[in-house]
>>> print(open('input02.tsv').read())   # TSV, C-alpha atoms and all ligand atoms
chain	number	residue	atom	x	y	z
A	1	MET	CA	30.57	-48.23	-8.10
A	2	ASN	CA	30.42	-48.31	-4.30
A	3	THR	CA	28.94	-51.75	-3.63
A	4	ASP	CA	28.05	-50.92	0.00
A	5	LEU	CA	25.28	-48.78	-1.50
A	6	GLN	CA	23.86	-51.89	-3.21
A	7	ASP	CA	24.18	-54.30	-0.28
A	8	TYR	CA	23.50	-52.56	3.03
A	9	SER	CA	20.77	-50.36	4.47
A	10	HIS	CA	21.78	-46.72	4.51
A	11	LYS	CA	20.42	-43.21	4.15
A	12	ARG	CA	21.15	-40.72	1.37
A	13	LEU	CA	21.02	-36.95	1.56
A	14	ASN	CA	18.97	-34.85	-0.82
A	15	ILE	CA	21.31	-31.88	-1.26
A	16	LEU	CA	18.49	-29.73	-2.63
A	17	THR	CA	16.20	-30.11	0.40
A	18	ASN	CA	18.66	-31.24	3.12
A	19	GLU	CA	16.39	-34.21	3.84
A	20	TRP	CA	17.33	-37.88	4.08
A	21	VAL	CA	15.87	-40.94	2.35
A	22	LEU	CA	16.29	-44.43	3.82
A	23	VAL	CA	17.50	-47.00	1.25
A	24	SER	CA	17.13	-50.77	1.82
A	25	PRO	CA	18.70	-52.35	-1.30
A	26	HIS	CA	18.99	-55.79	0.36
A	27	ARG	CA	15.20	-56.03	0.37
A	28	ALA	CA	14.95	-55.56	-3.42
A	29	LYS	CA	16.68	-58.95	-3.75
A	30	ARG	CA	13.62	-60.72	-2.29
A	31	PRO	CA	11.78	-62.66	-5.00
A	32	TRP	CA	8.58	-60.94	-6.08
A	33	GLN	CA	5.63	-63.05	-4.94
A	34	GLY	CA	2.83	-60.89	-6.24
A	35	GLN	CA	1.03	-61.05	-9.52
A	36	ASN	CA	1.74	-59.11	-12.64
A	37	GLU	CA	-1.77	-58.33	-13.72
A	38	GLU	CA	-2.63	-57.93	-17.33
A	39	ILE	CA	-3.48	-54.43	-18.43
A	40	ILE	CA	-6.50	-53.85	-20.58
A	41	LYS	CA	-5.81	-50.87	-22.77
A	42	VAL	CA	-8.79	-48.94	-24.02
A	43	LYS	CA	-8.03	-46.76	-27.01
A	44	ALA	CA	-9.54	-43.37	-26.36
A	45	SER	CA	-10.88	-41.29	-29.21
A	46	ALA	CA	-9.11	-38.11	-30.36
A	47	HIS	CA	-12.12	-36.00	-29.34
A	48	ASP	CA	-14.42	-36.67	-26.39
A	49	LEU	CA	-17.70	-34.75	-26.26
A	50	SER	CA	-17.85	-35.03	-22.47
A	51	CYS	CA	-14.29	-33.66	-21.93
A	52	TYR	CA	-14.11	-30.07	-20.73
A	53	LEU	CA	-10.59	-29.68	-22.19
A	54	CYS	CA	-11.31	-30.83	-25.75
A	55	ALA	CA	-11.51	-28.20	-28.50
A	56	GLY	CA	-14.92	-26.60	-29.04
A	57	ASN	CA	-16.43	-28.13	-25.88
A	58	LYS	CA	-18.21	-26.17	-23.13
A	59	ARG	CA	-16.56	-25.99	-19.73
A	60	ILE	CA	-18.52	-26.25	-16.47
A	61	ASN	CA	-18.63	-22.47	-16.07
A	62	GLY	CA	-20.32	-22.21	-19.47
A	63	GLU	CA	-17.31	-20.91	-21.42
A	64	GLN	CA	-16.59	-22.56	-24.73
A	65	ASN	CA	-13.08	-23.73	-25.63
A	66	PRO	CA	-11.84	-22.41	-28.98
A	67	ASP	CA	-11.29	-24.86	-31.80
A	68	TYR	CA	-7.59	-24.99	-30.88
A	69	LYS	CA	-4.72	-27.03	-32.34
A	70	ASN	CA	-1.73	-28.15	-30.23
A	71	VAL	CA	-1.50	-26.03	-27.06
A	72	PHE	CA	-4.30	-24.13	-25.31
A	73	VAL	CA	-3.97	-22.19	-22.02
A	74	PHE	CA	-6.80	-20.82	-19.89
A	75	ILE	CA	-7.43	-19.62	-16.32
A	76	ASN	CA	-8.52	-22.48	-14.06
A	77	ASP	CA	-12.29	-22.32	-13.51
A	78	PHE	CA	-11.85	-23.80	-10.01
A	79	ALA	CA	-8.59	-22.15	-8.99
A	80	ALA	CA	-7.02	-23.07	-5.64
A	81	LEU	CA	-5.76	-19.50	-5.28
A	82	GLN	CA	-7.84	-16.34	-5.58
A	83	LYS	CA	-6.40	-13.43	-7.51
A	84	ASP	CA	-7.94	-10.50	-5.67
A	85	SER	CA	-8.44	-12.12	-2.32
A	86	LYS	CA	-8.57	-10.15	0.95
A	87	SER	CA	-5.15	-9.43	2.50
A	88	PHE	CA	-4.98	-10.45	6.16
A	89	GLU	CA	-2.84	-12.07	8.88
A	90	VAL	CA	-3.66	-14.12	11.94
A	91	ASN	CA	-1.19	-13.87	14.84
A	92	ASP	CA	-3.19	-15.28	17.72
A	93	GLY	CA	-0.79	-16.85	20.21
A	94	LEU	CA	0.40	-20.01	18.50
A	95	LEU	CA	-2.18	-19.73	15.74
A	96	THR	CA	-0.51	-18.21	12.69
A	97	ALA	CA	-1.97	-17.67	9.23
A	98	GLN	CA	-1.63	-15.28	6.34
A	99	SER	CA	-3.64	-14.63	3.22
A	100	GLU	CA	-2.29	-16.07	-0.02
A	101	THR	CA	-3.24	-14.96	-3.51
A	102	GLY	CA	-2.41	-16.20	-6.96
A	103	ILE	CA	-3.38	-17.10	-10.50
A	104	CYS	CA	-3.96	-20.71	-11.61
A	105	LYS	CA	-3.96	-21.79	-15.22
A	106	VAL	CA	-4.54	-24.98	-17.18
A	107	VAL	CA	-2.26	-25.89	-20.10
A	108	CYS	CA	-3.65	-28.38	-22.62
A	109	PHE	CA	-0.64	-30.08	-24.25
A	110	SER	CA	-2.53	-31.21	-27.36
A	111	HIS	CA	-5.94	-31.00	-28.99
A	112	ASP	CA	-5.83	-34.81	-29.25
A	113	HIS	CA	-7.70	-36.24	-26.24
A	114	SER	CA	-6.13	-39.70	-26.68
A	115	LYS	CA	-2.49	-38.64	-26.44
A	116	SER	CA	-0.03	-38.03	-23.60
A	117	LEU	CA	3.37	-36.28	-23.71
A	118	ALA	CA	4.86	-39.72	-24.49
A	119	ASP	CA	2.80	-39.86	-27.70
A	120	LEU	CA	3.79	-36.38	-28.91
A	121	THR	CA	6.84	-35.62	-31.06
A	122	ALA	CA	9.68	-33.48	-29.68
A	123	GLU	CA	8.50	-30.68	-32.00
A	124	GLU	CA	4.99	-30.91	-30.51
A	125	ILE	CA	6.37	-30.87	-26.96
A	126	GLN	CA	8.50	-27.84	-27.92
A	127	LYS	CA	5.21	-25.96	-28.40
A	128	VAL	CA	4.32	-26.86	-24.79
A	129	VAL	CA	7.73	-25.55	-23.64
A	130	PHE	CA	7.10	-22.31	-25.57
A	131	ALA	CA	3.73	-21.97	-23.79
A	132	TRP	CA	5.38	-22.52	-20.37
A	133	GLN	CA	7.96	-19.83	-21.21
A	134	LYS	CA	5.30	-17.36	-22.36
A	135	GLU	CA	3.17	-17.91	-19.24
A	136	PHE	CA	6.22	-17.66	-16.96
A	137	LYS	CA	7.27	-14.35	-18.54
A	138	GLU	CA	3.77	-12.90	-18.37
A	139	LEU	CA	3.02	-14.01	-14.82
A	140	ARG	CA	6.33	-12.76	-13.40
A	141	GLU	CA	5.41	-9.22	-14.53
A	142	ASN	CA	2.63	-9.31	-11.95
A	143	ASP	CA	3.86	-7.62	-8.71
A	144	THR	CA	1.87	-9.98	-6.50
A	145	ILE	CA	3.32	-13.14	-8.12
A	146	ASN	CA	6.56	-14.24	-6.47
A	147	TYR	CA	6.66	-17.89	-7.50
A	148	ILE	CA	5.37	-19.84	-10.51
A	149	GLN	CA	4.87	-23.61	-10.25
A	150	ILE	CA	4.47	-25.53	-13.50
A	151	PHE	CA	3.35	-29.15	-13.00
A	152	GLU	CA	1.46	-32.12	-14.39
A	153	ASN	CA	-0.54	-34.82	-12.63
A	154	LYS	CA	-0.86	-37.77	-14.95
A	155	GLY	CA	-3.06	-40.82	-14.39
A	156	ALA	CA	-6.04	-41.69	-12.23
A	157	VAL	CA	-3.69	-43.18	-9.63
A	158	MET	CA	-2.26	-39.67	-9.15
A	159	GLY	CA	-5.74	-38.26	-8.66
A	160	CYS	CA	-6.02	-36.83	-12.16
A	161	SER	CA	-9.66	-37.09	-13.15
A	162	ASN	CA	-9.34	-36.11	-16.81
A	163	PRO	CA	-7.20	-38.16	-19.25
A	164	HIS	CA	-6.93	-35.24	-21.69
A	165	PRO	CA	-3.19	-34.33	-21.86
A	166	HIS	CA	-2.80	-31.27	-19.67
A	167	GLY	CA	-0.80	-29.67	-16.91
A	168	GLN	CA	-1.25	-26.72	-14.63
A	169	ILE	CA	0.48	-23.53	-13.56
A	170	TRP	CA	-0.13	-22.26	-10.05
A	171	SER	CA	1.47	-18.87	-9.41
A	172	GLN	CA	1.36	-17.24	-6.00
A	173	SER	CA	2.58	-14.50	-3.68
A	174	THR	CA	4.93	-16.61	-1.49
A	175	LEU	CA	7.27	-19.59	-1.91
A	176	PRO	CA	5.73	-23.04	-1.36
A	177	ASN	CA	7.47	-25.42	1.09
A	178	GLU	CA	9.52	-27.50	-1.39
A	179	VAL	CA	10.74	-24.40	-3.21
A	180	ALA	CA	11.68	-22.64	0.04
A	181	LYS	CA	13.88	-25.62	1.02
A	182	LYS	CA	15.61	-25.67	-2.38
A	183	ASP	CA	16.04	-21.89	-2.32
A	184	LYS	CA	17.84	-22.06	1.01
A	185	GLN	CA	20.12	-24.97	0.07
A	186	GLN	CA	21.12	-23.55	-3.32
A	187	GLN	CA	21.71	-20.09	-1.87
A	188	SER	CA	23.99	-21.23	0.94
A	189	TYR	CA	26.02	-23.37	-1.49
A	190	PHE	CA	26.30	-20.53	-4.01
A	191	LEU	CA	27.40	-18.02	-1.36
A	192	LYS	CA	30.09	-20.40	-0.15
A	193	ASN	CA	31.37	-21.81	-3.47
A	194	LYS	CA	30.31	-19.21	-6.08
A	195	THR	CA	29.06	-22.08	-8.24
A	196	SER	CA	25.70	-23.77	-8.82
A	197	LEU	CA	24.93	-26.65	-6.45
A	198	LEU	CA	23.09	-28.59	-9.15
A	199	GLY	CA	25.76	-27.76	-11.76
A	200	ASP	CA	28.49	-29.20	-9.54
A	201	TYR	CA	26.30	-32.23	-8.76
A	202	LEU	CA	25.74	-32.76	-12.48
A	203	SER	CA	29.51	-32.67	-13.20
A	204	GLN	CA	30.02	-35.42	-10.63
A	205	GLU	CA	27.18	-37.51	-12.10
A	206	LEU	CA	28.57	-37.10	-15.63
A	207	LYS	CA	31.94	-38.42	-14.44
A	208	LYS	CA	30.48	-41.41	-12.58
A	209	ARG	CA	27.77	-42.27	-15.16
A	210	GLU	CA	25.98	-44.60	-12.75
A	211	ARG	CA	22.61	-42.87	-12.73
A	212	ILE	CA	22.49	-41.17	-16.16
A	213	ILE	CA	19.65	-42.28	-18.44
A	214	PHE	CA	20.02	-39.91	-21.38
A	215	GLU	CA	21.81	-36.75	-22.42
A	216	ASN	CA	21.84	-34.37	-25.37
A	217	ASP	CA	23.81	-31.15	-25.97
A	218	ALA	CA	21.88	-29.15	-23.38
A	219	PHE	CA	20.20	-31.56	-20.92
A	220	VAL	CA	20.80	-34.65	-18.81
A	221	VAL	CA	18.11	-37.07	-17.61
A	222	LEU	CA	19.12	-39.01	-14.50
A	223	VAL	CA	17.85	-40.78	-11.42
A	224	PRO	CA	19.00	-38.51	-8.59
A	225	PHE	CA	21.29	-40.12	-5.98
A	226	TRP	CA	18.65	-39.30	-3.33
A	227	ALA	CA	15.56	-40.42	-5.32
A	228	VAL	CA	12.56	-41.28	-3.14
A	229	TRP	CA	10.09	-42.64	-5.71
A	230	PRO	CA	11.16	-45.98	-7.30
A	231	PHE	CA	11.70	-44.52	-10.79
A	232	GLU	CA	12.07	-40.85	-9.91
A	233	THR	CA	14.05	-38.85	-12.49
A	234	MET	CA	15.30	-35.32	-13.06
A	235	ILE	CA	15.97	-33.33	-16.21
A	236	ILE	CA	18.86	-30.94	-15.49
A	237	PRO	CA	20.10	-28.26	-17.91
A	238	LYS	CA	23.87	-28.47	-18.49
A	239	THR	CA	24.26	-24.71	-18.26
A	240	HIS	CA	23.46	-22.73	-15.14
A	241	GLN	CA	20.15	-20.94	-15.79
A	242	PRO	CA	17.81	-19.77	-12.99
A	243	ASN	CA	14.59	-20.38	-14.93
A	244	ILE	CA	13.16	-21.37	-18.31
A	245	ALA	CA	12.52	-17.82	-19.54
A	246	ASP	CA	15.70	-17.47	-21.59
A	247	LEU	CA	15.83	-20.87	-23.28
A	248	ASN	CA	16.29	-20.30	-27.02
A	249	ALA	CA	14.32	-22.30	-29.59
A	250	LYS	CA	17.10	-24.89	-29.96
A	251	GLU	CA	17.31	-25.38	-26.18
A	252	ALA	CA	13.52	-25.60	-25.96
A	253	LEU	CA	13.62	-28.40	-28.54
A	254	LEU	CA	16.40	-30.23	-26.66
A	255	PHE	CA	14.40	-29.88	-23.43
A	256	ALA	CA	11.36	-31.26	-25.31
A	257	GLU	CA	13.50	-34.16	-26.55
A	258	ALA	CA	14.52	-34.98	-22.95
A	259	ILE	CA	10.85	-34.96	-21.88
A	260	SER	CA	9.96	-37.14	-24.86
A	261	VAL	CA	12.71	-39.68	-24.12
A	262	ILE	CA	11.88	-40.12	-20.42
A	263	THR	CA	8.08	-40.25	-20.85
A	264	LYS	CA	8.43	-42.85	-23.63
A	265	ALA	CA	10.83	-44.91	-21.47
A	266	TYR	CA	8.33	-44.75	-18.59
A	267	ASP	CA	5.52	-46.10	-20.80
A	268	LYS	CA	7.74	-48.95	-22.00
A	269	LEU	CA	8.98	-49.90	-18.51
A	270	PHE	CA	5.71	-51.57	-17.43
A	271	ASN	CA	3.91	-51.45	-20.78
A	272	THR	CA	1.36	-48.95	-19.53
A	273	SER	CA	0.57	-45.24	-19.77
A	274	PHE	CA	2.89	-44.45	-16.84
A	275	PRO	CA	1.36	-42.25	-14.14
A	276	TYR	CA	3.44	-39.53	-12.47
A	277	SER	CA	3.54	-36.05	-11.05
A	278	SER	CA	6.10	-33.89	-12.76
A	279	GLY	CA	7.07	-30.30	-12.07
A	280	ILE	CA	9.60	-27.61	-12.85
A	281	HIS	CA	11.38	-25.98	-9.93
A	282	GLN	CA	12.85	-22.62	-10.86
A	283	SER	CA	13.84	-19.26	-9.43
A	284	PRO	CA	11.23	-17.20	-7.57
A	285	THR	CA	9.95	-14.10	-9.37
A	286	ASN	CA	10.35	-11.86	-6.32
A	287	ASN	CA	12.81	-9.37	-7.90
A	288	LYS	CA	15.59	-10.58	-5.59
A	289	ASN	CA	18.95	-11.88	-6.77
A	290	ASN	CA	18.20	-15.50	-7.61
A	291	ASN	CA	21.47	-16.38	-9.38
A	292	HIS	CA	21.88	-19.36	-7.06
A	293	TRP	CA	18.95	-21.08	-8.77
A	294	HIS	CA	19.61	-23.85	-11.30
A	295	TRP	CA	16.19	-24.81	-12.69
A	296	HIS	CA	15.25	-28.45	-13.21
A	297	MET	CA	12.29	-30.71	-13.88
A	298	SER	CA	11.45	-33.71	-11.69
A	299	PHE	CA	9.22	-36.73	-12.32
A	300	TYR	CA	7.74	-38.55	-9.33
A	301	PRO	CA	6.08	-41.78	-10.54
A	302	PRO	CA	4.38	-44.06	-7.97
A	303	LEU	CA	4.74	-47.42	-9.80
A	304	LEU	CA	7.04	-50.00	-8.22
A	305	ARG	CA	7.11	-53.37	-9.99
A	306	SER	CA	4.37	-53.38	-12.60
A	307	ALA	CA	1.51	-51.31	-13.96
A	308	THR	CA	-0.57	-52.22	-10.92
A	309	VAL	CA	1.92	-52.41	-8.05
A	310	LYS	CA	2.18	-48.94	-6.58
A	311	LYS	CA	4.39	-47.54	-3.87
A	312	PHE	CA	2.54	-46.04	-0.92
A	313	MET	CA	4.06	-43.41	1.33
A	314	VAL	CA	2.68	-44.88	4.56
A	315	GLY	CA	3.76	-46.11	7.98
A	316	TYR	CA	7.42	-45.33	8.59
A	317	GLU	CA	7.39	-42.87	5.70
A	318	MET	CA	4.56	-40.87	7.27
A	319	PHE	CA	6.10	-40.93	10.71
A	320	GLY	CA	9.82	-41.10	9.92
A	321	SER	CA	11.46	-40.60	6.53
A	322	PRO	CA	10.79	-41.74	2.99
A	323	GLN	CA	12.19	-45.20	2.25
A	324	ARG	CA	12.96	-47.18	-0.91
A	325	ASP	CA	14.13	-50.71	-1.70
A	326	ILE	CA	15.42	-50.70	-5.29
A	327	SER	CA	18.50	-48.46	-5.45
A	328	ALA	CA	18.72	-45.37	-7.66
A	329	GLU	CA	21.43	-47.15	-9.69
A	330	GLN	CA	19.20	-50.18	-10.34
A	331	ALA	CA	16.33	-47.89	-11.35
A	332	ALA	CA	18.57	-46.02	-13.79
A	333	GLU	CA	19.70	-49.29	-15.33
A	334	SER	CA	16.11	-50.48	-15.82
A	335	LEU	CA	15.18	-47.20	-17.52
A	336	ARG	CA	18.27	-47.25	-19.75
A	337	LYS	CA	17.31	-50.75	-20.94
A	338	VAL	CA	13.97	-49.56	-22.35
A	339	LEU	CA	15.27	-46.48	-24.18
A	401	ZN	ZN	-10.34	-34.01	-24.10
>>> encode(input="input02.tsv", output="structure tokens")
Amino acid sequence: MNTDLQDYSHKRLNILTNEWVLVSPHRAKRPWQGQNEEIIKVKASAHDLSCYLCAGNKRINGEQNPDYKNVFVFINDFAALQKDSKSFEVNDGLLTAQSETGICKVVCFSHDHSKSLADLTAEEIQKVVFAWQKEFKELRENDTINYIQIFENKGAVMGCSNPHPHGQIWSQSTLPNEVAKKDKQQQSYFLKNKTSLLGDYLSQELKKRERIIFENDAFVVLVPFWAVWPFETMIIPKTHQPNIADLNAKEALLFAEAISVITKAYDKLFNTSFPYSSGIHQSPTNNKNNNHWHWHMSFYPPLLRSATVKKFMVGYEMFGSPQRDISAEQAAESLRKVL
């Protein structure tokens, strides 16, 4: 291992976005002076009458959820994007805007209100993966949908108001910022090298084995070299696939296993239901050649040292670049220890 990366301040390049993160590993050696507060865990019940995602309950718009088991998908009652919105553009000097349309859905991961992905079996998570695949395939048939973002916000600290296990799918007519950056980087690498950027990165990581947390026959879970969040991780498929549409049942189960392993490790790390935002970045659905895309799932958790000490993206990070103290290698080691 290159020890300079553990001893001296430096910056690392995110090859997928072409953005830098400042790393200050020398600061992580300071003794922690704060308090590790005790967490009071309240056991939630499997069904909550006041939850608008629980089976059989009425939602705010008056619709009643079916008496579902496992996974349930519905159109978001308060969607951020309108499906049949007016099409318009604003080109007024330096004032530029354009209309954006889309379809937003909610995916309940389980009928059990008290559970999170970390509490589900790999077989149960496989059902969630099947639902993501089905929604992706259906939404991409829509001519006005050119990108499909699958994500989850977990925990009150991430601004998620409902503890019922659920994620969302926002599909829209153009590429969002993060996806546009990754599209550009992967395309230029693919044109130049005729290979997948992330596939080549993964080969290097598998040789070095400094940031790998877990692997099975089809997937690797690792802390990316350029991680911004203290315990940020990625799930990368070993084979070059642009999106999740063509995963077979076995691959869907291995993907589910990877999700299960990392979410369980997160919960063990600080003995808490670990908050995070996770999302799948995959090829646009714009009918262009997107062979340069190598899909992947990222987890961005905000916790730093304990269940209550959270990293804030403030100050220098708002005005300069993201910054971290604990190195990606140290984070990977901590996660490996709790597997
Ligand atoms: Zn619920």
>>> closest_residue(input="input02.tsv", among="A:Leu254, A:Met1, A:Ile75, A:Ala118", to="Ser171 in chain A", atoms="all atoms listed in the file")
A:Ile75
>>> residues_near_ligand(input="input02.tsv", ligand="ligand ZN 401 (chain A)", cutoff="8 Å", atoms="all atoms listed in the file", output="list in words")
Ala46, His47, Asp48, Leu49, Ser50, Cys51, Tyr52, Leu53, Cys54, Ala55, His111, Asp112, His113, Ser114, Asn162, Pro163, His164 and Pro165 of chain A
>>> atom_distance(input="input02.tsv", atom1="CA of Asn153 in chain A", atom2="CA of Tyr266 in chain A")
14.6 Å
>>> closest_residue(input="input02.tsv", among="A:Asn216, A:Ser306, A:Thr17, A:Ser161", to="Asp267 in chain A", atoms="only C-alpha atoms")
A:Ser306
>>> closest_residue(input="input02.tsv", among="A:Ala79, A:Ile262, A:Ala122, A:Leu22", to="Ile212 in chain A", atoms="all atoms listed in the file")
A:Ile262
>>> atom_distance(input="input02.tsv", atom1="CA of Arg336 in chain A", atom2="CA of Val221 in chain A")
10.4 Å
>>> atom_distance(input="input02.tsv", atom1="CA of Leu303 in chain A", atom2="CA of Glu124 in chain A")
26.5 Å
>>> closest_residue(input="input02.tsv", among="A:Phe88, A:Trp170, A:Phe231, A:Trp20", to="Glu135 in chain A", atoms="all atoms listed in the file")
A:Trp170
>>> residues_around(input="input02.tsv", residues="range 310-314 of chain A", least_positions_apart="3", cutoff="10 Å", atoms="all atoms listed in the file", output="list in words")
Val157, Val228, Trp229, Pro230, Pro301, Pro302, Leu303, Leu304, Arg305, Ser306, Ala307, Glu317, Met318, Phe319, Gly320, Ser321, Pro322, Gln323 and Arg324 of chain A
>>> closest_residue(input="input02.tsv", among="A:Gln168, A:Lys194, A:Gln6, A:Gly159", to="Ala80 in chain A", atoms="all atoms listed in the file")
A:Gln168
>>> build_atoms(input="input02.tsv", residues="range 303-320 of chain A", atoms="N, CA and C atoms", output="CSV table (one decimal), keeping the file's coordinate frame")
chain,number,residue,atom,x,y,z
A,303,LEU,N,4.7,-46.0,-9.5
A,303,LEU,CA,4.7,-47.4,-9.8
A,303,LEU,C,6.0,-48.1,-9.3
A,304,LEU,N,5.9,-49.3,-8.9
A,304,LEU,CA,7.0,-50.0,-8.2
A,304,LEU,C,7.5,-51.2,-9.0
A,305,ARG,N,6.7,-52.2,-9.3
A,305,ARG,CA,7.1,-53.4,-10.0
A,305,ARG,C,6.4,-53.7,-11.3
A,306,SER,N,5.2,-53.1,-11.4
A,306,SER,CA,4.4,-53.4,-12.6
A,306,SER,C,3.4,-52.3,-12.7
A,307,ALA,N,2.5,-52.4,-13.7
A,307,ALA,CA,1.5,-51.3,-14.0
A,307,ALA,C,0.5,-51.2,-12.8
A,308,THR,N,0.4,-52.3,-12.0
A,308,THR,CA,-0.6,-52.2,-10.9
A,308,THR,C,0.0,-52.2,-9.5
A,309,VAL,N,1.3,-52.4,-9.4
A,309,VAL,CA,1.9,-52.4,-8.0
A,309,VAL,C,2.5,-51.0,-7.8
A,310,LYS,N,1.9,-50.3,-6.8
A,310,LYS,CA,2.2,-48.9,-6.6
A,310,LYS,C,2.9,-48.8,-5.2
A,311,LYS,N,3.8,-47.8,-5.2
A,311,LYS,CA,4.4,-47.5,-3.9
A,311,LYS,C,3.5,-46.6,-3.1
A,312,PHE,N,3.3,-46.9,-1.8
A,312,PHE,CA,2.5,-46.0,-0.9
A,312,PHE,C,3.5,-45.4,0.1
A,313,MET,N,3.3,-44.1,0.3
A,313,MET,CA,4.1,-43.4,1.3
A,313,MET,C,3.3,-43.5,2.6
A,314,VAL,N,3.5,-44.6,3.3
A,314,VAL,CA,2.7,-44.9,4.6
A,314,VAL,C,3.6,-45.3,5.7
A,315,GLY,N,3.0,-45.5,6.9
A,315,GLY,CA,3.8,-46.1,8.0
A,315,GLY,C,5.0,-45.3,8.3
A,316,TYR,N,6.2,-46.0,8.2
A,316,TYR,CA,7.4,-45.3,8.6
A,316,TYR,C,7.6,-44.0,7.8
A,317,GLU,N,7.2,-44.0,6.6
A,317,GLU,CA,7.4,-42.9,5.7
A,317,GLU,C,6.6,-41.7,6.1
A,318,MET,N,5.4,-42.0,6.7
A,318,MET,CA,4.6,-40.9,7.3
A,318,MET,C,5.1,-40.4,8.6
A,319,PHE,N,5.7,-41.3,9.4
A,319,PHE,CA,6.1,-40.9,10.7
A,319,PHE,C,7.6,-40.7,10.8
A,320,GLY,N,8.4,-41.2,9.9
A,320,GLY,CA,9.8,-41.1,9.9
A,320,GLY,C,10.4,-40.4,8.7
